[in-house]
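target.cif (mmCIF, C-alpha atoms)
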data_target
#
loop_
_atom_site.group_PDB
_atom_site.id
_atom_site.type_symbol
_atom_site.label_atom_id
_atom_site.label_comp_id
_atom_site.auth_asym_id
_atom_site.auth_seq_id
_atom_site.Cartn_x
_atom_site.Cartn_y
_atom_site.Cartn_z
ATOM 1 C CA MET A 1 174.079 112.862 185.842
ATOM 2 C CA TYR A 2 172.187 116.122 186.228
ATOM 3 C CA LYS A 3 175.478 118.008 186.799
ATOM 4 C CA LEU A 4 176.887 116.342 183.707
ATOM 5 C CA SER A 5 173.974 117.655 181.702
ATOM 6 C CA TRP A 6 174.775 121.164 182.871
ATOM 7 C CA ILE A 7 178.437 120.773 181.954
ATOM 8 C CA ILE A 8 177.439 119.623 178.458
ATOM 9 C CA LEU A 9 175.132 122.609 178.143
ATOM 10 C CA VAL A 10 177.779 125.094 179.212
ATOM 11 C CA LEU A 11 180.251 123.516 176.775
ATOM 12 C CA ASN A 12 177.682 123.736 174.001
ATOM 13 C CA PHE A 13 177.056 127.359 174.809
ATOM 14 C CA LEU A 14 180.761 128.197 174.704
ATOM 15 C CA ILE A 15 181.163 126.362 171.394
ATOM 16 C CA GLY A 16 178.201 128.299 170.076
ATOM 17 C CA ILE A 17 179.746 131.632 171.090
ATOM 18 C CA ALA A 18 183.075 130.611 169.546
ATOM 19 C CA LEU A 19 181.399 129.731 166.283
ATOM 20 C CA GLY A 20 179.552 133.037 166.271
ATOM 21 C CA ILE A 21 182.899 134.887 166.293
ATOM 22 C CA TYR A 22 185.064 132.481 164.320
ATOM 23 C CA PRO A 23 183.509 132.873 160.831
ATOM 24 C CA ASN A 24 184.280 136.606 160.891
ATOM 25 C CA LEU A 25 188.034 136.071 161.104
ATOM 26 C CA PRO A 26 190.059 136.472 157.904
ATOM 27 C CA SER A 27 190.901 132.991 156.694
ATOM 28 C CA SER A 28 193.184 131.169 154.291
ATOM 29 C CA THR A 29 192.073 128.006 152.475
ATOM 30 C CA SER A 30 193.462 125.766 155.208
ATOM 31 C CA LYS A 31 191.683 127.815 157.812
ATOM 32 C CA LYS A 32 188.441 127.416 155.916
ATOM 33 C CA ALA A 33 188.860 123.655 155.958
ATOM 34 C CA GLU A 34 189.575 123.792 159.666
ATOM 35 C CA GLN A 35 186.530 125.988 160.139
ATOM 36 C CA THR A 36 184.274 123.584 158.234
ATOM 37 C CA THR A 37 185.531 120.641 160.290
ATOM 38 C CA PHE A 38 184.915 122.588 163.461
ATOM 39 C CA TYR A 39 181.388 123.470 162.288
ATOM 40 C CA ILE A 40 180.467 119.870 161.625
ATOM 41 C CA PHE A 41 182.062 118.559 164.810
ATOM 42 C CA ALA A 42 180.444 121.163 167.050
ATOM 43 C CA GLY A 43 177.121 120.737 165.287
ATOM 44 C CA LEU A 44 177.140 117.013 165.850
ATOM 45 C CA ILE A 45 177.996 117.428 169.533
ATOM 46 C CA ILE A 46 175.194 119.917 170.060
ATOM 47 C CA LEU A 47 172.572 118.033 168.110
ATOM 48 C CA SER A 48 173.344 114.677 169.653
ATOM 49 C CA SER A 49 173.481 115.953 173.209
ATOM 50 C CA SER A 50 170.418 118.218 173.158
ATOM 51 C CA GLY A 51 167.805 115.479 172.865
ATOM 52 C CA GLN A 52 169.546 113.345 175.487
ATOM 53 C CA VAL A 53 169.700 116.183 177.991
ATOM 54 C CA ILE A 54 166.021 116.988 177.648
ATOM 55 C CA GLU A 55 165.073 113.334 177.864
ATOM 56 C CA LYS A 56 167.090 113.125 181.053
ATOM 57 C CA SER A 57 165.102 116.085 182.397
ATOM 58 C CA ILE A 58 161.900 114.215 181.652
ATOM 59 C CA SER A 59 163.055 111.078 183.425
ATOM 60 C CA LEU A 60 164.069 113.190 186.439
ATOM 61 C CA ARG A 61 160.641 114.785 186.397
ATOM 62 C CA LYS A 62 158.931 111.401 186.506
ATOM 63 C CA ASN A 63 161.045 110.325 189.458
ATOM 64 C CA ARG A 64 160.556 113.521 191.413
ATOM 65 C CA GLY A 65 156.866 114.123 190.890
ATOM 66 C CA LYS A 66 155.548 117.644 190.516
ATOM 67 C CA LEU A 67 158.200 120.215 189.717
ATOM 68 C CA SER A 68 158.532 123.474 191.514
ATOM 69 C CA GLY A 69 158.346 126.611 189.375
ATOM 70 C CA GLN A 70 162.081 127.156 189.782
ATOM 71 C CA GLU A 71 162.897 123.667 188.514
ATOM 72 C CA PHE A 72 160.697 124.143 185.492
ATOM 73 C CA VAL A 73 162.378 127.420 184.603
ATOM 74 C CA GLN A 74 165.788 125.779 185.012
ATOM 75 C CA LYS A 75 164.858 123.037 182.542
ATOM 76 C CA TYR A 76 163.279 125.543 180.212
ATOM 77 C CA THR A 77 166.523 127.508 180.228
ATOM 78 C CA ASN A 78 168.381 124.337 179.198
ATOM 79 C CA ILE A 79 166.042 123.791 176.285
ATOM 80 C CA LEU A 80 166.379 127.405 175.163
ATOM 81 C CA ILE A 81 170.184 127.455 175.366
ATOM 82 C CA GLU A 82 170.402 124.343 173.225
ATOM 83 C CA ALA A 83 168.058 125.833 170.660
ATOM 84 C CA VAL A 84 169.978 129.118 170.483
ATOM 85 C CA ASN A 85 173.244 127.182 170.113
ATOM 86 C CA THR A 86 171.941 125.625 166.927
ATOM 87 C CA ILE A 87 171.377 129.053 165.368
ATOM 88 C CA THR A 88 174.969 130.100 166.003
ATOM 89 C CA LEU A 89 176.036 127.246 163.714
ATOM 90 C CA LEU A 90 174.102 128.460 160.665
ATOM 91 C CA PRO A 91 174.299 128.024 157.741
ATOM 92 C CA LEU A 92 174.300 124.202 157.870
ATOM 93 C CA GLU A 93 174.017 121.383 155.374
ATOM 94 C CA LYS A 94 170.495 120.225 154.580
ATOM 95 C CA ALA A 95 170.834 117.002 156.597
ATOM 96 C CA GLN A 96 172.109 118.937 159.612
ATOM 97 C CA ILE A 97 169.208 121.391 159.333
ATOM 98 C CA GLU A 98 166.790 118.466 159.353
ATOM 99 C CA GLU A 99 168.415 117.062 162.491
ATOM 100 C CA ALA A 100 168.224 120.475 164.161
ATOM 101 C CA GLN A 101 164.551 120.844 163.191
ATOM 102 C CA LYS A 102 163.793 117.397 164.615
ATOM 103 C CA SER A 103 165.605 118.299 167.805
ATOM 104 C CA LEU A 104 163.555 121.499 168.112
ATOM 105 C CA LEU A 105 160.256 119.695 167.490
ATOM 106 C CA LYS A 106 161.268 117.300 170.226
ATOM 107 C CA SER A 107 162.111 120.207 172.524
ATOM 108 C CA ILE A 108 158.739 121.848 171.846
ATOM 109 C CA SER A 109 156.940 118.587 172.672
ATOM 110 C CA LEU A 110 158.942 118.067 175.828
ATOM 111 C CA LEU A 111 158.469 121.665 176.904
ATOM 112 C CA VAL A 112 154.675 121.370 176.760
ATOM 113 C CA GLN A 113 154.960 118.023 178.528
ATOM 114 C CA LEU A 114 157.097 119.565 181.278
ATOM 115 C CA TYR A 115 154.587 122.357 181.763
ATOM 116 C CA TYR A 116 151.803 119.846 182.426
ATOM 117 C CA GLU A 117 154.022 117.461 184.316
ATOM 118 C CA GLU A 118 151.328 116.439 186.812
ATOM 119 C CA LYS A 119 149.759 114.258 184.107
ATOM 120 C CA ILE A 120 152.304 111.451 183.791
ATOM 121 C CA GLU A 121 150.447 109.743 180.952
ATOM 122 C CA LEU A 122 150.391 112.910 178.919
ATOM 123 C CA LYS A 123 151.872 112.404 175.459
ATOM 124 C CA ILE A 124 152.827 115.380 173.339
ATOM 125 C CA SER A 125 154.253 115.246 169.844
ATOM 126 C CA ALA A 126 154.955 117.820 167.168
ATOM 127 C CA ASN A 127 155.338 117.873 163.419
ATOM 128 C CA LEU A 128 156.393 120.361 160.779
ATOM 129 C CA MET A 129 154.463 121.111 157.587
ATOM 130 C CA ILE A 130 155.752 123.220 154.727
ATOM 131 C CA PRO A 131 153.884 124.724 151.753
ATOM 132 C CA ARG A 132 154.210 123.304 148.251
ATOM 133 C CA GLU A 133 152.898 124.702 145.012
ATOM 134 C CA ILE A 134 150.009 123.163 143.063
ATOM 135 C CA LYS A 135 152.123 123.240 139.905
ATOM 136 C CA ASP A 136 154.457 120.688 141.503
ATOM 137 C CA TYR A 137 151.840 118.036 140.668
ATOM 138 C CA ASN A 138 151.969 116.618 137.152
ATOM 139 C CA SER A 139 148.236 116.088 136.803
ATOM 140 C CA ALA A 140 144.883 116.494 138.535
ATOM 141 C CA GLU A 141 144.851 112.736 139.141
ATOM 142 C CA GLN A 142 148.202 112.850 140.888
ATOM 143 C CA PHE A 143 147.033 115.799 142.989
ATOM 144 C CA ARG A 144 143.831 114.024 144.076
ATOM 145 C CA GLU A 145 145.737 110.835 144.797
ATOM 146 C CA GLN A 146 148.396 112.484 146.952
ATOM 147 C CA VAL A 147 146.484 115.292 148.657
ATOM 148 C CA LYS A 148 143.957 114.389 151.365
ATOM 149 C CA PHE A 149 140.612 116.099 151.968
ATOM 150 C CA THR A 150 140.182 117.487 148.476
ATOM 151 C CA ASP A 151 136.886 117.942 146.685
ATOM 152 C CA PRO A 152 136.943 115.621 143.611
ATOM 153 C CA LEU A 153 134.737 118.104 141.716
ATOM 154 C CA ARG A 154 137.326 120.874 141.921
ATOM 155 C CA GLU A 155 140.373 121.526 139.785
ATOM 156 C CA PRO A 156 143.700 121.529 141.682
ATOM 157 C CA ASN A 157 144.471 125.117 140.640
ATOM 158 C CA THR A 158 141.425 126.343 142.567
ATOM 159 C CA TYR A 159 143.458 125.689 145.707
ATOM 160 C CA GLN A 160 146.143 128.160 146.771
ATOM 161 C CA CYS A 161 148.796 125.560 147.711
ATOM 162 C CA VAL A 162 149.216 122.448 149.825
ATOM 163 C CA LEU A 163 150.889 121.782 153.164
ATOM 164 C CA SER A 164 153.074 118.670 153.438
ATOM 165 C CA LEU A 165 154.195 117.042 156.655
ATOM 166 C CA ILE A 166 157.986 116.737 156.445
ATOM 167 C CA LEU A 167 159.118 115.966 160.007
ATOM 168 C CA TRP A 168 157.903 114.424 163.253
ATOM 169 C CA SER A 169 159.406 115.037 166.680
ATOM 170 C CA ASN A 170 159.387 111.263 167.118
ATOM 171 C CA PRO A 171 159.478 108.940 164.091
ATOM 172 C CA LYS A 172 156.987 106.576 165.791
ATOM 173 C CA GLU A 173 154.335 109.275 165.637
ATOM 174 C CA GLY A 174 154.454 109.002 161.876
ATOM 175 C CA GLU A 175 152.672 105.661 162.145
ATOM 176 C CA GLY A 176 149.400 107.542 162.687
ATOM 177 C CA VAL A 177 149.943 110.415 160.287
ATOM 178 C CA PRO A 178 152.752 109.532 157.877
ATOM 179 C CA LEU A 179 155.444 111.766 156.443
ATOM 180 C CA ASN A 180 154.334 113.496 153.241
ATOM 181 C CA PHE A 181 150.770 113.609 154.555
ATOM 182 C CA THR A 182 149.481 116.518 152.482
ATOM 183 C CA ILE A 183 146.380 118.700 152.802
ATOM 184 C CA PRO A 184 145.125 121.558 150.641
ATOM 185 C CA VAL A 185 145.071 125.251 151.479
ATOM 186 C CA ASP A 186 141.938 126.777 150.003
ATOM 187 C CA ARG A 187 141.781 130.197 148.388
ATOM 188 C CA ASP A 188 138.290 130.604 149.811
ATOM 189 C CA TYR A 189 138.565 131.398 153.538
ATOM 190 C CA ALA A 190 135.110 129.926 154.256
ATOM 191 C CA ARG A 191 136.237 126.546 152.920
ATOM 192 C CA LEU A 192 139.686 126.619 154.476
ATOM 193 C CA LEU A 193 140.461 123.450 156.439
ATOM 194 C CA PHE A 194 140.811 123.963 160.170
ATOM 195 C CA GLY A 195 144.207 123.533 161.833
ATOM 196 C CA ALA A 196 147.368 123.990 159.780
ATOM 197 C CA PRO A 197 145.746 125.546 156.655
ATOM 198 C CA LYS A 198 143.865 128.111 158.743
ATOM 199 C CA ALA A 199 147.011 128.906 160.751
ATOM 200 C CA TYR A 200 148.966 129.253 157.495
ATOM 201 C CA ILE A 201 146.538 131.705 155.889
ATOM 202 C CA SER A 202 145.490 133.683 158.964
ATOM 203 C CA ASN A 203 149.057 133.760 160.291
ATOM 204 C CA ASP A 204 147.595 133.050 163.699
ATOM 205 C CA ILE A 205 147.597 130.137 166.134
ATOM 206 C CA THR A 206 144.588 127.822 165.777
ATOM 207 C CA VAL A 207 143.583 125.407 168.512
ATOM 208 C CA VAL A 208 141.391 122.324 168.493
ATOM 209 C CA GLU A 209 140.483 121.703 172.122
ATOM 210 C CA ASP A 210 138.957 118.225 171.877
ATOM 211 C CA ILE A 211 138.165 116.203 168.772
ATOM 212 C CA ASN A 212 135.960 113.884 170.872
ATOM 213 C CA ASN A 213 133.607 116.796 171.427
ATOM 214 C CA ASP A 214 130.834 116.767 168.784
ATOM 215 C CA THR A 215 130.422 120.553 168.823
ATOM 216 C CA GLU A 216 134.127 120.970 168.166
ATOM 217 C CA LEU A 217 134.081 118.350 165.427
ATOM 218 C CA ASN A 218 131.173 120.149 163.724
ATOM 219 C CA ARG A 219 133.169 123.385 163.891
ATOM 220 C CA ILE A 220 136.155 121.654 162.224
ATOM 221 C CA VAL A 221 134.160 120.361 159.265
ATOM 222 C CA ALA A 222 132.009 123.490 158.865
ATOM 223 C CA GLY A 223 132.076 124.831 155.299
ATOM 224 C CA GLN A 224 133.365 121.568 153.817
ATOM 225 C CA PRO A 225 131.483 119.595 151.164
ATOM 226 C CA GLN A 226 129.889 116.391 152.462
ATOM 227 C CA ILE A 227 132.536 114.092 151.005
ATOM 228 C CA VAL A 228 135.400 116.050 152.574
ATOM 229 C CA ALA A 229 133.575 116.405 155.912
ATOM 230 C CA SER A 230 133.124 112.606 156.057
ATOM 231 C CA GLN A 231 136.813 112.028 155.289
ATOM 232 C CA ILE A 232 137.860 114.427 158.064
ATOM 233 C CA ARG A 233 135.499 112.835 160.630
ATOM 234 C CA GLU A 234 136.795 109.381 159.757
ATOM 235 C CA PHE A 235 140.414 110.537 159.915
ATOM 236 C CA LEU A 236 140.034 112.207 163.326
ATOM 237 C CA LYS A 237 138.260 109.203 164.849
ATOM 238 C CA LYS A 238 141.039 106.772 163.859
ATOM 239 C CA MET B 1 149.286 108.019 169.201
ATOM 240 C CA LYS B 2 145.587 108.749 169.390
ATOM 241 C CA TYR B 3 145.412 112.483 170.007
ATOM 242 C CA ARG B 4 142.531 114.607 171.245
ATOM 243 C CA SER B 5 143.702 118.175 170.953
ATOM 244 C CA PHE B 6 146.196 120.066 168.860
ATOM 245 C CA VAL B 7 147.490 123.513 168.106
ATOM 246 C CA SER B 8 148.715 124.715 164.703
ATOM 247 C CA TRP B 9 151.366 127.402 164.933
ATOM 248 C CA PRO B 10 152.474 129.378 161.849
ATOM 249 C CA LEU B 11 156.181 129.949 161.178
ATOM 250 C CA THR B 12 156.413 133.528 159.993
ATOM 251 C CA LEU B 13 159.510 135.244 158.666
ATOM 252 C CA SER B 14 159.386 138.809 157.299
ATOM 253 C CA ASN B 15 155.570 138.700 156.963
ATOM 254 C CA GLU B 16 155.754 135.453 155.001
ATOM 255 C CA THR B 17 154.434 132.186 156.438
ATOM 256 C CA ILE B 18 156.973 129.497 155.584
ATOM 257 C CA GLY B 19 155.448 126.565 157.439
ATOM 258 C CA VAL B 20 153.251 125.364 160.267
ATOM 259 C CA VAL B 21 154.076 123.399 163.406
ATOM 260 C CA ASN B 22 151.351 121.145 164.774
ATOM 261 C CA ILE B 23 151.632 120.197 168.439
ATOM 262 C CA GLN B 24 149.254 117.498 169.568
ATOM 263 C CA SER B 25 148.255 115.865 172.816
ATOM 264 C CA ASN B 26 146.428 112.735 173.909
ATOM 265 C CA TYR B 27 144.551 114.966 176.384
ATOM 266 C CA PRO B 28 142.033 117.704 175.565
ATOM 267 C CA HIS B 29 143.018 121.394 175.879
ATOM 268 C CA ILE B 30 146.631 121.192 174.748
ATOM 269 C CA LEU B 31 147.408 124.766 175.765
ATOM 270 C CA GLY B 32 145.450 124.597 179.026
ATOM 271 C CA LYS B 33 141.903 125.130 180.193
ATOM 272 C CA ASN B 34 142.086 128.753 181.244
ATOM 273 C CA GLN B 35 143.412 131.860 179.531
ATOM 274 C CA ARG B 36 146.288 132.292 181.983
ATOM 275 C CA GLN B 37 147.639 128.816 181.217
ATOM 276 C CA VAL B 38 147.175 129.303 177.489
ATOM 277 C CA GLU B 39 149.095 132.577 177.491
ATOM 278 C CA GLU B 40 151.835 131.094 179.656
ATOM 279 C CA VAL B 41 152.390 128.059 177.414
ATOM 280 C CA LYS B 42 152.391 130.315 174.347
ATOM 281 C CA ARG B 43 155.072 132.514 175.926
ATOM 282 C CA TYR B 44 157.264 129.503 176.665
ATOM 283 C CA VAL B 45 156.861 127.907 173.239
ATOM 284 C CA ALA B 46 157.145 131.101 171.149
ATOM 285 C CA PRO B 47 160.981 131.452 171.293
ATOM 286 C CA LEU B 48 161.436 127.844 170.136
ATOM 287 C CA ILE B 49 159.004 128.441 167.288
ATOM 288 C CA SER B 50 161.044 131.510 166.275
ATOM 289 C CA ILE B 51 164.242 129.448 166.206
ATOM 290 C CA LEU B 52 162.522 126.724 164.197
ATOM 291 C CA THR B 53 161.369 129.414 161.756
ATOM 292 C CA ILE B 54 164.949 130.534 161.210
ATOM 293 C CA LEU B 55 166.050 126.923 160.674
ATOM 294 C CA THR B 56 163.213 126.340 158.202
ATOM 295 C CA SER B 57 164.071 129.382 156.082
ATOM 296 C CA SER B 58 166.075 128.757 152.930
ATOM 297 C CA LYS B 59 168.866 131.012 154.219
ATOM 298 C CA ALA B 60 169.682 128.451 156.914
ATOM 299 C CA ILE B 61 170.868 125.914 154.338
ATOM 300 C CA LYS B 62 174.467 125.934 153.165
ATOM 301 C CA ASN B 63 174.702 125.473 149.375
ATOM 302 C CA PRO B 64 170.925 124.985 148.842
#
Exercise: express the given structure as structure tokens:
Amino acid sequence: MYKLSWIILVLNFLIGIALGIYPNLPSSTSKKAEQTTFYIFAGLIILSSSGQVIEKSISLRKNRGKLSGQEFVQKYTNILIEAVNTITLLPLEKAQIEEAQKSLLKSISLLVQLYYEEKIELKISANLMIPREIKDYNSAEQFREQVKFTDPLREPNTYQCVLSLILWSNPKEGEGVPLNFTIPVDRDYARLLFGAPKAYISNDITVVEDINNDTELNRIVAGQPQIVASQIREFLKK
Amino acid sequence: MKYRSFVSWPLTLSNETIGVVNIQSNYPHILGKNQRQVEEVKRYVAPLISILTILTSSKAIKNP
């Protein structure tokens, strides 16, 4: 089965290379149709196989115990090749992009899981948030209803934008934090919510080491009005 | 899943942040306990984040 995974990967890679060259060829209308069909077909093969191959790697890991460094790198290479293959197919239809994004979120989760493979019960998941404008909301009421952790005393336009969760690596993870979960991005850096909003504004990685640690929790809610701080504490303890 | 630690990673394209990926774990210290581990995990994840950034950009969509 492991060899089969490699064969699929090599095939994917070759298809990817072919697609990288193919669009540059002069084409008639019929050739364009053929090209589009090829795009969709190859895309589907790559997207459907990538998740399965990585999942197979995970199951192998569980059966074999701790991986050697070489084995980890080998599996990492697989993940990377699959991801690069997806790029060679661009541009894609919106639905295909969403599938590719999901596949990548899954790969990111599995990659971190592989790195810490000694902890079998370790569960990693990933989600994607994108910015949306305040003007997209019809009224202040709608904004306050749909956006979490907002100060009810403030007008929506005092926030810079919002971040909405659009994809989970695993749909089941959405049971805890649902799709369209939206949080504000403050204009005032001191009142900026920790996590995604801070990463968005600072353009830097932000890490929360342990939400069960009171010191860390106090750091997360620092600068927030009481009502927002209480909402965040309640949310993180769920 | 009840998670204990998470990392928020900006998706940046041409100096513009176009999204954020949150990676979360049911264990504390998602990127590791020491600096060496943290840097190593970041190095491994970074290329996938770059690819996700390209996919998330509007240019990736055919007939947007």
*Pull out every residue of chain A that has at least one atom within 7 Å of chain B, counting all atoms listed in the file, and report them as an MDAnalysis selection string.*
chainID A and resid 83 90:94 97 101 104 108:109 122:131 173 176 195:196 199:200 203:212
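What separates atom CA of Ala95 of chain A from atom CA of Leu111 of chain A is a distance of 24.2 Å.
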*Residue contacts of segment 134-137 of chain A (6 Å, all atoms listed in the file) excluding same-chain residues fewer than 2 positions away, as number ranges by chain*: A: 139, 143, 161
*Interatomic distance, atom CA of Leu80 of chain A to atom CA of Gln96 of chain A (Å, one decimal)*: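 Going from atom CA of Leu80 of chain A over to atom CA of Gln96 of chain A, I get 18.6 Å.
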*Quick one: pull the distance between atom CA of Tyr189 of chain A and atom CA of Asn218 of chain A, Å, one decimal.*
16.9 Å
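Within 10 Å of Ile220 of chain A, once all atoms listed in the file are used and residues closer than 6 positions along the same chain are dropped, the contacting residues are A:Leu192, A:Leu193, A:Phe194, A:Gly195, A:Val208, A:Ile211, A:Asp214, A:Ala229, A:Ile232, A:Arg233.
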